[in-house]
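For reference, upload.txt is printed below; it contains compact mmCIF, C-alpha atoms and all ligand atoms.
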```
# COMPACT_ATOMS: atom_id res chain seq x y z
CA MET A 1 19.43 28.43 -8.89
CA SER A 2 17.70 27.05 -5.80
CA GLU A 3 19.14 24.36 -3.55
CA THR A 4 16.72 21.73 -4.87
CA GLN A 5 17.70 22.42 -8.49
CA ARG A 6 21.32 21.59 -7.65
CA ILE A 7 20.47 18.01 -6.69
CA ASP A 8 22.25 15.48 -8.90
CA VAL A 9 19.27 13.19 -9.46
CA SER A 10 21.32 10.36 -10.91
CA ARG A 11 23.55 10.34 -7.87
CA PHE A 12 20.55 10.73 -5.56
CA VAL A 13 18.77 7.63 -6.86
CA ARG A 14 21.99 5.62 -6.68
CA ASN A 15 22.51 6.69 -3.08
CA VAL A 16 18.92 5.78 -2.20
CA ALA A 17 19.34 2.34 -3.77
CA THR A 18 22.56 1.73 -1.84
CA LYS A 19 21.09 2.91 1.46
CA LYS A 20 17.91 0.85 1.11
CA GLY A 21 19.54 -2.28 -0.31
CA TRP A 22 17.67 -1.87 -3.61
CA VAL A 23 18.96 -2.06 -7.17
CA LEU A 24 18.25 0.45 -9.94
CA ASN A 25 16.40 -0.66 -13.05
CA GLN A 26 18.94 -2.40 -15.23
CA ASP A 27 17.65 -1.14 -18.57
CA PRO A 28 19.88 1.91 -19.19
CA ASP A 29 17.41 3.67 -21.50
CA PHE A 30 14.45 3.14 -19.20
CA LEU A 31 16.50 4.21 -16.18
CA ALA A 32 17.58 7.37 -18.02
CA SER A 33 13.95 8.18 -18.88
CA LEU A 34 12.91 7.87 -15.22
CA ILE A 35 15.80 10.07 -14.09
CA GLU A 36 14.85 12.64 -16.74
CA GLY A 37 11.28 12.56 -15.46
CA LEU A 38 12.45 13.16 -11.91
CA GLU A 39 14.71 16.00 -13.08
CA ALA A 40 11.83 17.59 -14.99
CA ASN A 41 9.60 17.37 -11.91
CA LEU A 42 12.34 18.83 -9.74
CA LEU A 43 12.71 21.79 -12.08
CA ARG A 44 8.97 22.31 -12.48
CA LEU A 45 7.82 21.65 -8.93
CA GLY A 46 10.92 21.99 -6.78
CA TYR A 47 10.65 18.45 -5.44
CA LEU A 48 11.26 14.93 -6.71
CA GLN A 49 7.72 13.92 -7.47
CA CYS A 50 7.23 10.37 -8.75
CA PRO A 51 7.77 10.40 -12.53
CA CYS A 52 4.87 8.05 -13.28
CA ARG A 53 2.06 9.59 -11.24
CA LEU A 54 -0.09 12.68 -11.56
CA SER A 55 0.77 15.64 -9.37
CA TRP A 56 -1.20 18.08 -7.27
CA ASP A 57 1.69 20.52 -7.82
CA ASP A 58 1.61 20.90 -4.05
CA PRO A 59 4.35 19.31 -1.93
CA LYS A 60 1.98 18.78 1.00
CA LYS A 61 -0.54 16.87 -1.11
CA ASP A 62 2.22 15.03 -2.99
CA LYS A 63 4.33 14.20 0.03
CA ASP A 64 3.52 10.49 -0.16
CA ILE A 65 4.81 10.32 -3.76
CA ILE A 66 8.06 12.23 -3.38
CA CYS A 67 10.71 9.77 -4.51
CA PRO A 68 11.35 7.38 -2.91
CA CYS A 69 7.59 7.26 -2.22
CA ILE A 70 6.14 5.78 0.94
CA TYR A 71 4.76 2.87 -1.12
CA ALA A 72 8.09 1.73 -2.56
CA GLY A 73 9.16 -0.49 0.33
CA GLU A 74 5.95 -2.54 0.34
CA ASP A 75 5.83 -2.75 -3.46
CA ILE A 76 9.44 -3.90 -3.67
CA ALA A 77 8.83 -6.47 -0.94
CA GLN A 78 5.66 -7.77 -2.61
CA TYR A 79 6.36 -7.39 -6.33
CA GLY A 80 10.12 -6.99 -6.53
CA HIS A 81 9.99 -3.39 -7.80
CA CYS A 82 8.40 -0.03 -7.15
CA PHE A 83 5.40 1.30 -9.08
CA CYS A 84 7.63 2.97 -11.70
CA SER A 85 10.19 0.13 -11.70
CA LEU A 86 12.96 2.56 -10.83
CA TYR A 87 13.99 0.49 -7.81
CA LEU A 88 14.15 -3.30 -7.73
CA SER A 89 14.86 -5.76 -4.96
CA GLU A 90 18.22 -7.51 -5.23
CA GLU A 91 16.42 -10.80 -5.61
CA PHE A 92 14.25 -9.51 -8.47
CA ALA A 93 17.28 -8.02 -10.22
CA ARG A 94 19.14 -11.33 -9.94
CA SER A 95 16.17 -13.19 -11.43
CA ALA A 96 16.50 -11.16 -14.67
CA ALA A 97 12.67 -10.95 -14.75
CA GLU A 98 11.12 -7.97 -16.52
CA PRO A 99 9.26 -5.51 -14.27
CA ALA A 100 5.55 -5.55 -15.02
CA SER A 101 2.66 -3.27 -14.25
CA ILE A 102 1.62 -3.54 -10.60
CA PRO A 103 -1.43 -2.28 -8.71
CA GLU A 104 -1.38 1.33 -7.52
CA ARG A 105 -0.96 1.28 -3.75
CA ARG A 106 -1.70 5.01 -3.39
CA PRO A 107 -5.28 5.33 -2.12
CA GLU A 108 -7.69 6.86 -4.64
CA HIS A 109 -8.68 9.67 -2.31
CA LEU A 110 -5.10 11.00 -2.58
CA PHE A 111 -5.26 11.25 -6.39
CA PRO A 112 -5.53 14.71 -7.97
S1 LIG A 201 7.19 4.51 -7.56
FE1 LIG A 201 9.43 4.39 -7.64
S2 LIG A 201 10.04 6.12 -8.90
FE2 LIG A 201 7.93 6.51 -8.24
S3 LIG A 201 8.21 7.69 -6.35
FE3 LIG A 201 8.02 5.56 -5.77
S4 LIG A 201 10.13 4.90 -5.58
FE4 LIG A 201 10.17 6.77 -6.78
```
Rewrite the structure from the file as structure tokens, please.
Ligand code: SF4
Amino acid sequence: MSETQRIDVSRFVRNVATKKGWVLNQDPDFLASLIEGLEANLLRLGYLQCPCRLSWDDPKKDKDIICPCIYAGEDIAQYGHCFCSLYLSEEFARSAAEPASIPERRPEHLFP
């Protein structure tokens, strides 16, 4: 098994949330589905590609959407959660609001 396949994704996303001052999605089933998506991408691609975006299957072309993606900080600041709603701001989480669909910040020319 490669080094990347040994990553504990659940622990990884919790550590990212703690380090960034974010909160994980508070719906346990939805959170589990996102973690499963990340685990599947890790196994298939060898990197933690965003679970709700299409992939080039190329880490260089997908580098902006390796979780946590480069868009997460701005999305969380503006909308209270990232594009997939994996990570929430503390304020959004406290509000008990439901994450909603938000605009895709990734530029179209980077889409597969
Ligand atoms: S949108 Fe959220 S889940 Fe997707 S890569 Fe960005 S931070 Fe990760």
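CA of Phe111 (chain A) is positioned 27.0 Å from CA of Ser10 (chain A).
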Item to complete: All residues within 9 Å of ligand LIG 201 (chain A) are required, counting all atoms listed in the file; please report them as a ChimeraX atom specification.
Response: /A:13,34-35,38,48-53,64-73,75,81-87
Worksheet entry | Pairwise distance for CA of Ala17 (chain A) and CA of Pro112 (chain A), rounded to one decimal in Å |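 CA of Pro112 (chain A) lies 28.1 Å from CA of Ala17 (chain A).
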Discussion item. With only C-alpha atoms as the counted atoms, please give the residues lying no more than 9 Å from region 91-98 of chain A, apart from itself and same-chain residues fewer than 6 positions off, as a ChimeraX atom specification.
Written reply: /A:23-26,76,79-81
Worksheet item: So which one's closest to Leu88 (chain A), A:Glu74, A:Glu36, A:Arg11, A:Arg106? Using all atoms listed in the file, please.
Response: A:Glu74
Discussion item. Just the number, please: distance in Å from CA of Phe30 (chain A) to CA of Glu104 (chain A), one decimal.
Written reply: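 One can read the CA of Phe30 (chain A) to CA of Glu104 (chain A) distance as 19.8 Å.
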Item to complete: Choose the residue, out of A:Gly46, A:Pro28, A:Pro59, A:Gly37, that has the smallest atom-to-atom separation from Ile7 (chain A); count all atoms listed in the file.
Response: A:Gly46
Six-sided padding of 5 Å per side, axis-aligned box over region 23-33 of chain A, centre and edges in Å, one decimal, as JSON:
```
{"center_x": 16.9, "center_y": 2.9, "center_z": -14.3, "size_x": 15.9, "size_y": 20.6, "size_z": 24.3}
```
Fill in: Residue with smallest distance to Leu45 (chain A) - pool A:Ala77, A:Ala32, A:Pro99, A:Lys60, counting only C-alpha atoms
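Looking at the shortest contact to Leu45 (chain A), the residue is A:Lys60.
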Discussion item. Please determine, counting only C-alpha atoms, which residue among A:Ser33, A:Thr18, A:Asn41, A:Ser89 has the shortest atom-to-atom distance to Leu54 (chain A).
Written reply: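 The shortest atom-to-atom distance to Leu54 (chain A) comes from A:Asn41.
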